[in-house]
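Raw contents of query-v2.tsv, TSV, C-alpha atoms and all ligand atoms:
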chain	number	residue	atom	x	y	z
E	1	ASN	CA	0.00	0.00	0.00
E	2	LYS	CA	1.53	3.28	-1.16
E	3	GLY	CA	-0.78	5.42	1.00
E	4	THR	CA	-0.55	9.03	-0.09
E	5	TYR	CA	2.62	8.46	-2.09
E	6	GLU	CA	2.87	8.02	-5.82
E	7	HIS	CA	5.58	5.40	-5.76
E	8	TYR	CA	6.98	2.86	-3.32
E	9	MET	CA	10.45	4.33	-3.61
E	10	GLN	CA	9.09	7.72	-2.56
E	11	LYS	CA	7.18	6.16	0.34
E	12	GLU	CA	10.22	4.20	1.47
E	13	ILE	CA	12.47	7.25	1.35
E	14	HIS	CA	10.05	9.23	3.51
E	15	GLU	CA	9.51	6.33	5.88
E	16	GLN	CA	13.11	6.39	7.07
E	17	PRO	CA	12.56	8.18	10.40
E	18	GLU	CA	10.22	5.30	11.35
E	19	SER	CA	12.19	2.45	9.78
E	20	LEU	CA	15.31	3.56	11.64
E	21	LYS	CA	13.39	3.67	14.90
E	22	THR	CA	12.20	0.11	14.32
E	23	THR	CA	15.74	-0.99	13.53
E	24	MET	CA	17.00	0.41	16.85
E	25	ARG	CA	13.99	-0.51	19.01
E	26	GLY	CA	14.99	-2.42	22.14
E	27	ARG	CA	18.64	-2.46	21.12
E	28	LEU	CA	19.97	0.79	22.60
E	29	ILE	CA	20.33	1.15	26.34
E	30	ARG	CA	20.16	4.69	27.63
E	31	GLY	CA	22.32	4.01	30.65
E	32	GLY	CA	22.03	6.06	33.79
E	33	PHE	CA	23.63	6.39	37.18
E	34	HIS	CA	26.64	3.98	37.30
E	35	LYS	CA	25.49	2.34	34.09
E	36	ALA	CA	27.07	3.13	30.74
E	37	LYS	CA	25.03	3.59	27.62
E	38	SER	CA	25.24	0.43	25.58
E	39	VAL	CA	23.89	-1.76	22.82
E	40	LEU	CA	22.15	-5.10	23.05
E	41	LEU	CA	22.03	-7.33	20.00
E	42	GLY	CA	20.33	-10.55	21.10
E	43	GLY	CA	21.24	-12.51	17.99
E	44	LEU	CA	24.92	-11.81	18.44
E	45	LYS	CA	25.54	-11.86	22.15
E	46	ASP	CA	26.66	-15.48	22.45
E	47	HIS	CA	29.18	-14.99	19.65
E	48	LEU	CA	30.71	-11.64	20.56
E	49	LYS	CA	33.76	-13.25	22.20
E	50	THR	CA	34.52	-15.27	19.08
E	51	ILE	CA	34.08	-12.21	16.87
E	52	ARG	CA	36.42	-10.13	19.05
E	53	ARG	CA	39.05	-12.86	18.84
E	54	SER	CA	38.77	-13.39	15.10
E	55	ARG	CA	41.72	-12.61	12.85
E	56	ARG	CA	39.59	-10.37	10.65
E	57	ILE	CA	35.97	-9.51	9.99
E	58	VAL	CA	35.04	-9.73	6.33
E	59	PHE	CA	31.80	-8.18	5.10
E	60	ILE	CA	30.27	-9.71	1.99
E	61	GLY	CA	27.39	-8.37	-0.10
E	62	CYS	CA	26.27	-6.99	-3.46
E	63	GLY	CA	25.15	-3.58	-4.69
E	64	THR	CA	23.61	-1.37	-2.03
E	65	SER	CA	24.27	-3.90	0.72
E	66	TYR	CA	27.97	-3.81	-0.11
E	67	ASN	CA	27.86	-0.01	-0.03
E	68	ALA	CA	26.29	-0.10	3.43
E	69	ALA	CA	29.20	-2.21	4.70
E	70	LEU	CA	31.62	0.26	3.09
E	71	ALA	CA	29.88	3.09	4.96
E	72	ALA	CA	30.20	1.28	8.27
E	73	ARG	CA	33.77	0.04	7.83
E	74	PRO	CA	35.53	3.01	9.46
E	75	ILE	CA	33.55	2.72	12.70
E	76	LEU	CA	33.84	-1.07	12.70
E	77	GLU	CA	37.62	-0.75	12.42
E	78	GLU	CA	37.81	1.98	15.03
E	79	LEU	CA	35.71	0.29	17.71
E	80	SER	CA	36.53	-3.39	17.14
E	81	GLY	CA	40.28	-3.09	16.69
E	82	VAL	CA	40.00	-6.10	14.35
E	83	PRO	CA	40.99	-5.72	10.66
E	84	VAL	CA	37.86	-5.26	8.56
E	85	THR	CA	37.79	-6.16	4.86
E	86	LEU	CA	35.01	-6.01	2.30
E	87	GLU	CA	34.12	-8.36	-0.52
E	88	ILE	CA	31.65	-8.09	-3.36
E	89	ALA	CA	30.15	-11.57	-3.26
E	90	SER	CA	30.62	-12.39	-6.95
E	91	ASP	CA	34.23	-11.20	-6.90
E	92	LEU	CA	35.08	-13.30	-3.85
E	93	LEU	CA	33.68	-16.33	-5.68
E	94	ASP	CA	35.42	-15.49	-8.98
E	95	ARG	CA	38.75	-15.34	-7.15
E	96	GLN	CA	37.98	-18.12	-4.68
E	97	GLY	CA	39.57	-15.65	-2.26
E	98	PRO	CA	40.94	-16.86	1.06
E	99	ILE	CA	38.50	-17.30	3.95
E	100	TYR	CA	39.80	-18.94	7.12
E	101	ARG	CA	38.47	-20.63	10.24
E	102	GLU	CA	39.72	-17.65	12.23
E	103	ASP	CA	37.60	-15.23	10.17
E	104	THR	CA	34.21	-13.82	10.96
E	105	ALA	CA	32.29	-13.51	7.69
E	106	VAL	CA	29.29	-11.15	7.75
E	107	PHE	CA	26.70	-11.49	4.99
E	108	VAL	CA	24.74	-8.31	4.31
E	109	SER	CA	21.56	-8.66	2.26
E	110	GLN	CA	18.21	-6.92	2.27
E	111	SER	CA	16.36	-9.87	0.71
E	112	GLY	CA	18.48	-12.58	2.29
E	113	GLU	CA	18.12	-14.48	-0.99
E	114	THR	CA	20.71	-12.95	-3.35
E	115	ALA	CA	22.35	-15.84	-5.21
E	116	ASP	CA	25.89	-14.49	-5.17
E	117	THR	CA	25.77	-13.70	-1.47
E	118	LEU	CA	24.23	-17.08	-0.71
E	119	HIS	CA	26.94	-18.90	-2.68
E	120	ALA	CA	29.60	-16.89	-0.88
E	121	LEU	CA	27.98	-17.98	2.39
E	122	GLN	CA	28.20	-21.63	1.35
E	123	TYR	CA	31.85	-21.06	0.49
E	124	ALA	CA	32.63	-19.41	3.84
E	125	LEU	CA	30.83	-22.20	5.73
E	126	GLU	CA	32.93	-24.79	3.89
E	127	ASN	CA	36.04	-22.86	4.90
E	128	GLY	CA	35.03	-22.93	8.55
E	129	ALA	CA	34.45	-19.22	9.22
E	130	LEU	CA	31.95	-17.97	11.77
E	131	CYS	CA	29.10	-16.73	9.57
E	132	VAL	CA	26.89	-13.83	10.61
E	133	GLY	CA	23.81	-12.67	8.68
E	134	ILE	CA	22.49	-9.12	8.44
E	135	THR	CA	19.20	-9.34	6.56
E	136	ASN	CA	15.83	-7.66	6.35
E	137	THR	CA	13.90	-10.87	5.78
E	138	VAL	CA	13.15	-13.18	8.67
E	139	GLY	CA	13.39	-16.81	7.54
E	140	SER	CA	15.36	-15.97	4.39
E	141	ALA	CA	18.04	-18.36	3.13
E	142	ILE	CA	20.86	-16.20	4.49
E	143	ALA	CA	19.13	-15.78	7.86
E	144	ARG	CA	18.61	-19.55	8.10
E	145	ASN	CA	22.06	-20.67	7.04
E	146	THR	CA	24.28	-18.34	9.10
E	147	HIS	CA	25.44	-19.21	12.63
E	148	CYS	CA	23.97	-16.04	14.10
E	149	GLY	CA	22.87	-12.61	12.97
E	150	ILE	CA	21.00	-9.35	13.25
E	151	HIS	CA	17.68	-8.57	11.61
E	152	ILE	CA	17.55	-5.16	9.99
E	153	ASN	CA	13.83	-4.72	10.85
E	154	ALA	CA	13.39	-1.90	8.32
E	155	GLY	CA	10.02	-3.28	7.22
E	156	CYS	CA	9.17	-4.68	3.82
E	157	GLU	CA	10.95	-2.86	0.97
E	158	ILE	CA	9.08	-3.00	-2.32
E	159	GLY	CA	10.80	-0.48	-4.61
E	160	VAL	CA	13.55	-2.25	-6.53
E	161	ALA	CA	15.99	0.51	-5.60
E	162	SER	CA	17.01	-0.06	-2.00
E	163	THR	CA	16.59	3.05	0.20
E	164	LYS	CA	15.38	2.47	3.74
E	165	ALA	CA	17.16	-0.88	3.96
E	166	TYR	CA	20.46	0.90	3.22
E	167	THR	CA	20.16	3.39	6.08
E	168	SER	CA	19.01	0.67	8.47
E	169	GLN	CA	21.89	-1.58	7.43
E	170	ILE	CA	24.38	1.17	8.29
E	171	VAL	CA	22.73	1.65	11.68
E	172	VAL	CA	22.81	-2.10	12.34
E	173	MET	CA	26.52	-2.23	11.53
E	174	ALA	CA	27.24	0.83	13.71
E	175	MET	CA	25.44	-0.95	16.57
E	176	MET	CA	27.46	-4.08	15.78
E	177	ALA	CA	30.65	-2.02	16.04
E	178	LEU	CA	29.52	-0.79	19.48
E	179	ALA	CA	28.68	-4.35	20.55
E	180	ILE	CA	32.04	-5.75	19.46
E	181	GLY	CA	34.05	-2.86	20.86
E	182	ASP	CA	35.36	-3.05	24.39
E	183	ASP	CA	33.96	-0.83	27.09
E	184	THR	CA	37.31	0.80	27.80
E	185	ILE	CA	37.52	4.14	29.55
E	186	SER	CA	39.34	5.61	26.58
E	187	SER	CA	36.50	4.86	24.19
E	188	LEU	CA	33.69	5.74	26.60
E	189	SER	CA	32.95	9.27	25.42
E	190	ARG	CA	33.11	8.27	21.75
E	191	ARG	CA	30.74	5.35	22.35
E	192	GLU	CA	28.32	7.52	24.29
E	193	ALA	CA	28.35	10.18	21.60
E	194	ILE	CA	27.49	7.56	18.97
E	195	ILE	CA	24.68	6.11	21.08
E	196	ASP	CA	23.26	9.61	21.70
E	197	GLY	CA	23.60	10.22	17.96
E	198	LEU	CA	21.66	7.04	17.22
E	199	PHE	CA	18.84	8.08	19.54
E	200	ASP	CA	18.60	11.42	17.79
E	201	LEU	CA	19.06	10.11	14.25
E	202	PRO	CA	15.34	9.74	13.32
E	203	ASN	CA	14.82	13.45	14.12
E	204	LYS	CA	17.77	14.43	11.99
E	205	VAL	CA	16.44	12.26	9.15
E	206	LYS	CA	13.10	14.06	9.41
E	207	GLU	CA	14.97	17.32	9.08
E	208	VAL	CA	16.95	16.28	6.01
E	209	LEU	CA	13.77	14.99	4.30
E	210	LYS	CA	12.62	18.63	4.20
E	211	LEU	CA	15.07	19.04	1.31
E	212	ASP	CA	12.56	17.25	-0.94
E	213	GLN	CA	11.49	20.33	-2.90
E	214	GLU	CA	15.08	21.55	-3.16
E	215	MET	CA	16.11	18.17	-4.62
E	216	LYS	CA	13.21	18.34	-7.07
E	217	ASP	CA	14.51	21.72	-8.25
E	218	LEU	CA	18.02	20.31	-8.56
E	219	ALA	CA	16.62	17.37	-10.55
E	220	LYS	CA	15.05	19.87	-12.98
E	221	GLN	CA	18.46	21.45	-13.41
E	222	LEU	CA	20.15	18.10	-14.00
E	223	MET	CA	17.51	16.11	-15.90
E	224	ALA	CA	19.00	16.57	-19.36
E	225	GLU	CA	22.61	15.86	-18.32
E	226	GLN	CA	24.57	12.94	-19.77
E	227	SER	CA	26.42	12.25	-16.59
E	228	LEU	CA	26.81	13.09	-12.92
E	229	LEU	CA	29.98	12.43	-10.94
E	230	VAL	CA	29.75	12.11	-7.17
E	231	PHE	CA	32.91	12.72	-5.11
E	232	GLY	CA	33.23	11.47	-1.56
E	233	ARG	CA	35.88	10.17	0.83
E	234	GLY	CA	36.27	8.66	4.31
E	235	TYR	CA	32.90	7.97	5.92
E	236	ASN	CA	31.22	9.23	2.76
E	237	TYR	CA	33.02	7.33	0.05
E	238	ALA	CA	30.10	4.91	0.33
E	239	THR	CA	27.66	7.82	-0.06
E	240	ALA	CA	29.29	8.68	-3.39
E	241	LEU	CA	29.03	5.07	-4.64
E	242	GLU	CA	25.49	4.59	-3.38
E	243	GLY	CA	24.25	7.97	-4.65
E	244	ALA	CA	25.66	7.19	-8.10
E	245	LEU	CA	24.14	3.70	-8.02
E	246	LYS	CA	20.70	5.19	-7.31
E	247	VAL	CA	21.02	7.72	-10.13
E	248	LYS	CA	22.06	5.11	-12.68
E	249	GLU	CA	19.66	2.34	-11.70
E	250	VAL	CA	16.44	4.35	-11.50
E	251	ALA	CA	17.03	7.61	-13.40
E	252	LEU	CA	18.97	5.73	-16.10
E	253	MET	CA	21.61	8.45	-16.18
E	254	HIS	CA	25.30	7.68	-16.21
E	255	SER	CA	26.73	8.38	-12.79
E	256	GLU	CA	29.91	7.40	-11.05
E	257	GLY	CA	30.94	7.55	-7.43
E	258	ILE	CA	34.55	8.63	-7.13
E	259	LEU	CA	36.90	8.43	-4.18
E	260	ALA	CA	38.01	12.06	-3.91
E	261	GLY	CA	41.54	11.01	-2.97
E	262	GLU	CA	41.84	9.45	-6.43
E	263	MET	CA	40.88	12.64	-8.27
E	264	LYS	CA	44.34	13.48	-9.53
E	265	HIS	CA	45.00	9.89	-10.54
E	266	GLY	CA	42.63	10.04	-13.51
E	267	PRO	CA	39.11	11.46	-13.00
E	268	LEU	CA	40.29	15.09	-13.07
E	269	ALA	CA	40.91	14.74	-16.81
E	270	LEU	CA	37.15	14.49	-17.35
E	271	VAL	CA	36.37	17.83	-15.75
E	272	ASP	CA	35.30	20.77	-17.88
E	273	GLU	CA	32.49	23.33	-17.95
E	274	ASN	CA	30.02	20.71	-19.21
E	275	LEU	CA	30.42	18.20	-16.42
E	276	SER	CA	28.15	18.18	-13.37
E	277	ILE	CA	29.86	17.08	-10.18
E	278	LEU	CA	28.40	16.63	-6.75
E	279	VAL	CA	30.96	16.83	-3.93
E	280	ILE	CA	30.15	15.58	-0.45
E	281	ALA	CA	31.92	17.83	2.03
E	282	THR	CA	30.13	17.55	5.36
E	283	HIS	CA	32.27	18.30	8.39
E	284	ASP	CA	34.56	15.50	9.53
E	285	ALA	CA	38.28	14.76	9.73
E	286	CYS	CA	38.54	14.89	5.91
E	287	PHE	CA	36.91	18.30	5.58
E	288	SER	CA	39.95	20.38	4.70
E	289	LYS	CA	40.98	17.85	2.07
E	290	GLN	CA	37.51	18.10	0.54
E	291	GLN	CA	37.76	21.91	0.56
E	292	SER	CA	40.87	21.63	-1.56
E	293	VAL	CA	39.18	19.13	-3.92
E	294	ILE	CA	36.35	21.65	-4.41
E	295	GLN	CA	38.88	24.40	-5.21
E	296	GLN	CA	40.56	22.25	-7.82
E	297	LEU	CA	37.33	21.11	-9.48
E	298	HIS	CA	36.20	24.72	-9.53
E	299	ALA	CA	39.47	25.86	-11.08
E	300	ARG	CA	38.77	23.40	-13.93
E	301	LYS	CA	35.30	24.90	-14.31
E	302	GLY	CA	33.31	21.84	-13.27
E	303	ARG	CA	29.62	22.54	-12.60
E	304	LEU	CA	29.64	22.02	-8.87
E	305	ILE	CA	27.00	21.02	-6.39
E	306	VAL	CA	28.36	20.76	-2.86
E	307	MET	CA	26.77	18.96	0.07
E	308	CYS	CA	27.94	20.51	3.33
E	309	SER	CA	26.98	20.73	7.00
E	310	LYS	CA	24.36	23.29	7.94
E	311	GLY	CA	25.90	26.74	8.37
E	312	GLU	CA	29.11	25.92	6.49
E	313	ALA	CA	28.14	26.99	2.96
E	314	SER	CA	30.61	29.85	3.06
E	315	LEU	CA	33.44	27.41	3.88
E	316	VAL	CA	32.85	25.25	0.83
E	317	CYS	CA	31.73	27.75	-1.79
E	318	PRO	CA	34.43	29.11	-4.07
E	319	SER	CA	31.83	31.17	-5.97
E	320	VAL	CA	28.14	31.98	-6.20
E	321	SER	CA	27.78	29.65	-9.18
E	322	VAL	CA	28.19	26.66	-6.88
E	323	ARG	CA	24.93	25.10	-5.75
E	324	VAL	CA	24.87	24.07	-2.09
E	325	ILE	CA	22.90	21.37	-0.27
E	326	GLU	CA	23.04	21.96	3.49
E	327	VAL	CA	22.37	18.94	5.69
E	328	PRO	CA	22.17	18.54	9.47
E	329	GLN	CA	25.43	17.45	11.04
E	330	VAL	CA	25.51	14.29	13.15
E	331	GLU	CA	28.26	12.12	14.66
E	332	ASP	CA	30.77	11.49	11.80
E	333	CYS	CA	30.16	7.74	11.56
E	334	LEU	CA	26.39	8.28	11.26
E	335	GLN	CA	26.67	11.08	8.69
E	336	PRO	CA	26.35	8.63	5.72
E	337	VAL	CA	22.77	7.91	6.88
E	338	ILE	CA	21.91	11.61	6.54
E	339	ASN	CA	23.93	12.32	3.40
E	340	ILE	CA	22.41	9.60	1.24
E	341	ILE	CA	18.88	10.95	1.70
E	342	PRO	CA	19.17	14.04	-0.54
E	343	LEU	CA	20.69	11.75	-3.18
E	344	GLN	CA	17.82	9.28	-2.86
E	345	LEU	CA	15.39	12.19	-3.29
E	346	LEU	CA	17.38	13.51	-6.24
E	347	SER	CA	17.39	10.17	-8.04
E	348	TYR	CA	13.68	9.76	-7.37
E	349	HIS	CA	12.82	13.15	-8.86
E	350	LEU	CA	15.22	12.69	-11.77
E	351	THR	CA	13.46	9.43	-12.62
E	352	VAL	CA	9.98	10.95	-12.53
E	353	LEU	CA	11.08	13.95	-14.60
E	354	ARG	CA	12.82	11.77	-17.16
E	355	GLY	CA	9.68	9.64	-17.41
E	356	TYR	CA	11.09	6.30	-16.28
E	357	ASN	CA	9.59	3.59	-14.12
E	358	VAL	CA	10.56	4.39	-10.53
E	359	ASP	CA	9.67	1.18	-8.74
E	360	GLN	CA	10.55	-1.25	-11.48
E	361	PRO	CA	13.63	-0.08	-13.42
E	362	ARG	CA	14.09	-1.86	-16.72
E	363	ASN	CA	16.18	-5.05	-16.68
E	364	LEU	CA	16.36	-5.22	-12.86
E	365	ALA	CA	14.76	-7.51	-10.27
E	366	LYS	CA	14.30	-6.81	-6.56
E	367	SER	CA	15.89	-10.06	-5.56
E	368	VAL	CA	18.64	-11.43	-7.79
E	369	THR	CA	18.27	-15.16	-7.32
E	370	THR	CA	20.39	-16.24	-10.30
E	371	GLN	CA	24.11	-15.82	-10.84
V	1	LIG	C1	20.26	-1.28	-5.52
V	1	LIG	C2	19.85	-2.63	-5.20
V	1	LIG	C3	20.78	-3.76	-5.43
V	1	LIG	C4	20.79	-4.69	-4.23
V	1	LIG	C5	21.62	-5.93	-4.50
V	1	LIG	C6	21.73	-6.81	-3.27
V	1	LIG	O1	19.29	-0.36	-5.16
V	1	LIG	O2	18.78	-2.81	-4.70
V	1	LIG	O3	22.06	-3.30	-5.72
V	1	LIG	O4	21.31	-3.97	-3.14
V	1	LIG	O5	21.02	-6.66	-5.54
V	1	LIG	O6	20.47	-7.21	-2.82
V	1	LIG	P1	20.27	-7.77	-1.36
V	1	LIG	O7	20.58	-6.68	-0.41
V	1	LIG	O8	18.83	-8.20	-1.31
V	1	LIG	O9	21.21	-8.92	-1.22
Can I see the file as structure tokens?
Amino acid sequence: NKGTYEHYMQKEIHEQPESLKTTMRGRLIRGGFHKAKSVLLGGLKDHLKTIRRSRRIVFIGCGTSYNAALAARPILEELSGVPVTLEIASDLLDRQGPIYREDTAVFVSQSGETADTLHALQYALENGALCVGITNTVGSAIARNTHCGIHINAGCEIGVASTKAYTSQIVVMAMMALAIGDDTISSLSRREAIIDGLFDLPNKVKEVLKLDQEMKDLAKQLMAEQSLLVFGRGYNYATALEGALKVKEVALMHSEGILAGEMKHGPLALVDENLSILVIATHDACFSKQQSVIQQLHARKGRLIVMCSKGEASLVCPSVSVRVIEVPQVEDCLQPVINIIPLQLLSYHLTVLRGYNVDQPRNLAKSVTTQ
């Protein structure tokens, strides 16, 4: 049921304050006198010791689910202290890459039925790894065949383009990072800031959804373009990849997510006055590097759109010709949840304006059950 919305994708984008609440329900502990704020993940608690002792944690998925793991990797590395690697399921299988008994392999999948991810799970089980599932579908093949796991609880996602499952997956993995991480004094304030940030996240998502009309206007500006590049780095490299994936899969426009640190190693050659480029430059440890990327893209006359933290437009704008998207700032590791939303809205409006099928893009299926 689409309710008052025209498309499922639109409904699912706007549902995110609620879907995130459902994802976190019962899992965050507010703490209090003598009791630290913490996270409780029932499906994982008997395996946390094994995960902490593993040689590495490898996240495996496809498409948007892979991007969600990429978004969560920095906080997983920071809080767990265990090396974290990522694998696209089909690529792991193509290479028959090494998976060991001492590994924890985490399978991320909205449907829980994706053939590549499922085959990679079989492969990891044969190699003796501890297998963890992160899925949105109770009773799915991946949920059933892993040793333990976390349900995303984002509610049924019908639009082929994944939106609310993505943001909930990031939140699940941030909670997983908190659960794996030790309660040391040195990490206490960081952990508490993240937990506070999680509690407040649905409100911040509500706030960023108010950019809907602004994204519709931007879509009008961009609808006839051949291509859109999206530059990100650090916590928001994933936002660049995921934003570009949304634009190409539903709006059928060429789009590429680019790691900003790679700009001078090739992509800069593409930049001229005809190329639209969206740069994600919200405030975090990479901010000054992103400021310099913006300067250089501007010097080569790229048509810039910059996403920045509220109140910082003047810090990222080399000239009035640059279009700015201001978003609420949250804890750095949760910022990808906020930053993807304007890009989801943009790809939605681009699709409608270009006259394509929003919920059922040509050639794609919601659940890819063949290899
Ligand atoms: C993109 C999209 C796909 C899926 C991918 C994995 O919007 O929906 O890229 O993310 O096919 O699907 P799941 O998460 O069901 O394994």
(message) So that I can see what lies close to segment 305-315 of chain E, please list as a VMD selection string the residues with an atom at most 9 Å from it, counting only C-alpha atoms and leaving out residues fewer than 5 positions away in the same chain.
(response) chain E and resid 276 to 283 291 294 322 to 329 339
(request) Go through E:Cys286, E:Val352, E:Ile88, E:Leu209 and flag the residue nearest Glu6 of chain E, using only C-alpha atoms for the distances. (result)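 Closest residue, counting only C-alpha atoms: E:Val352.
Closest approach to ligand LIG 1 (chain V) among E:Pro17, E:Gly81, E:Gly197, E:Gly159: E:Gly159, based on only C-alpha atoms and all ligand atoms.
When only C-alpha atoms are used to compute distances to Pro267 of chain E, the closest of the residues E:Leu350, E:Leu345, E:Ala129, E:Leu229 turns out to be E:Leu229.
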(message) Hey, which residues sit close to ligand LIG 1 (chain V)? Say within 7 Å, counting all atoms listed in the file, and write them as a list in words.
(response)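 Listing the residues within 7 Å of ligand LIG 1 (chain V) gives Gly61, Cys62, Gly63, Thr64, Ser65, Val108, Ser109, Gln110, Ser111, Gly112, Glu113, Thr114, Thr117, Val160, Ala161, Ser162, Thr163, Leu245, Lys246, Lys366, Ser367 and Val368 of chain E.
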(request) Using all atoms listed in the file, find all polymer residues with an atom at most 6 Å away from the point (32.7, 3.1, -8.8); report them as a PyMOL selection string. (result) chain E and resi 241+256-257
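When all atoms listed in the file are used to measure the gap to Gln360 of chain E, the shortest distance among E:Lys264, E:His7, E:His151, E:Lys301 belongs to E:His7.
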(request) Please measure the separation of atom CA of Ala120 of chain E and atom CA of Ala68 of chain E, giving the value in Å to one decimal. (result) 17.6 Å
(message) My list of candidates is E:Leu178, E:Val205, E:Gln335, E:Glu273. Which is closest to Ser321 of chain E when distances are computed with only C-alpha atoms?
(response)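 Closest residue, counting only C-alpha atoms: E:Glu273.
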(request) Can you work out which one of E:Ser189, E:Leu346, E:His14, E:Val250 has the shortest atom-to-atom distance to Leu364 of chain E, counting only C-alpha atoms? (result) E:Val250
(request) For atom CA of Val82 of chain E and atom CA of Gly234 of chain E, quote the distance in Å rounded to one decimal. (result) 18.2 Å
(request) Please provide the set of residues having any atom within 12 Å of Met263 of chain E, restricted to all atoms listed in the file, with same-chain residues fewer than 2 positions apart removed, written as number ranges by chain. (result) E: 229-233, 257-261, 265-271, 279, 289-290, 292-294, 296-297
(message) When you look at segment 170-175 of chain E with a cut-off of 7 Å (counting all atoms listed in the file), what residues show up, excluding the ones that are within fewer than 4 positions of it in the same chain? I need them as a list in words.
(response) Val39, Ala68, Ala69, Ala71, Ala72, Ile75, Leu76, Ile152, Tyr166 and Ala179 of chain E
(request) Would you mind reading off the distance between atom CA of Thr369 of chain E and atom CA of Pro336 of chain E, one decimal, in Å? (result)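 Going from atom CA of Thr369 of chain E over to atom CA of Pro336 of chain E, I get 28.3 Å.
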(message) Set the distance at 12 Å and use all atoms listed in the file: which residues neighbour Tyr356 of chain E once local chain neighbours fewer than 6 positions away are removed? I'd like the list as number ranges by chain.
(response) E: 7, 223, 247-253, 347-350, 362
(message) At a cut-off of 12 Å, using all atoms listed in the file, what residues contact Lys35 of chain E? Leave out same-chain residues fewer than 3 positions from it and give the result as a PyMOL selection string.
(response) chain E and resi 29-32+38+183+188+192
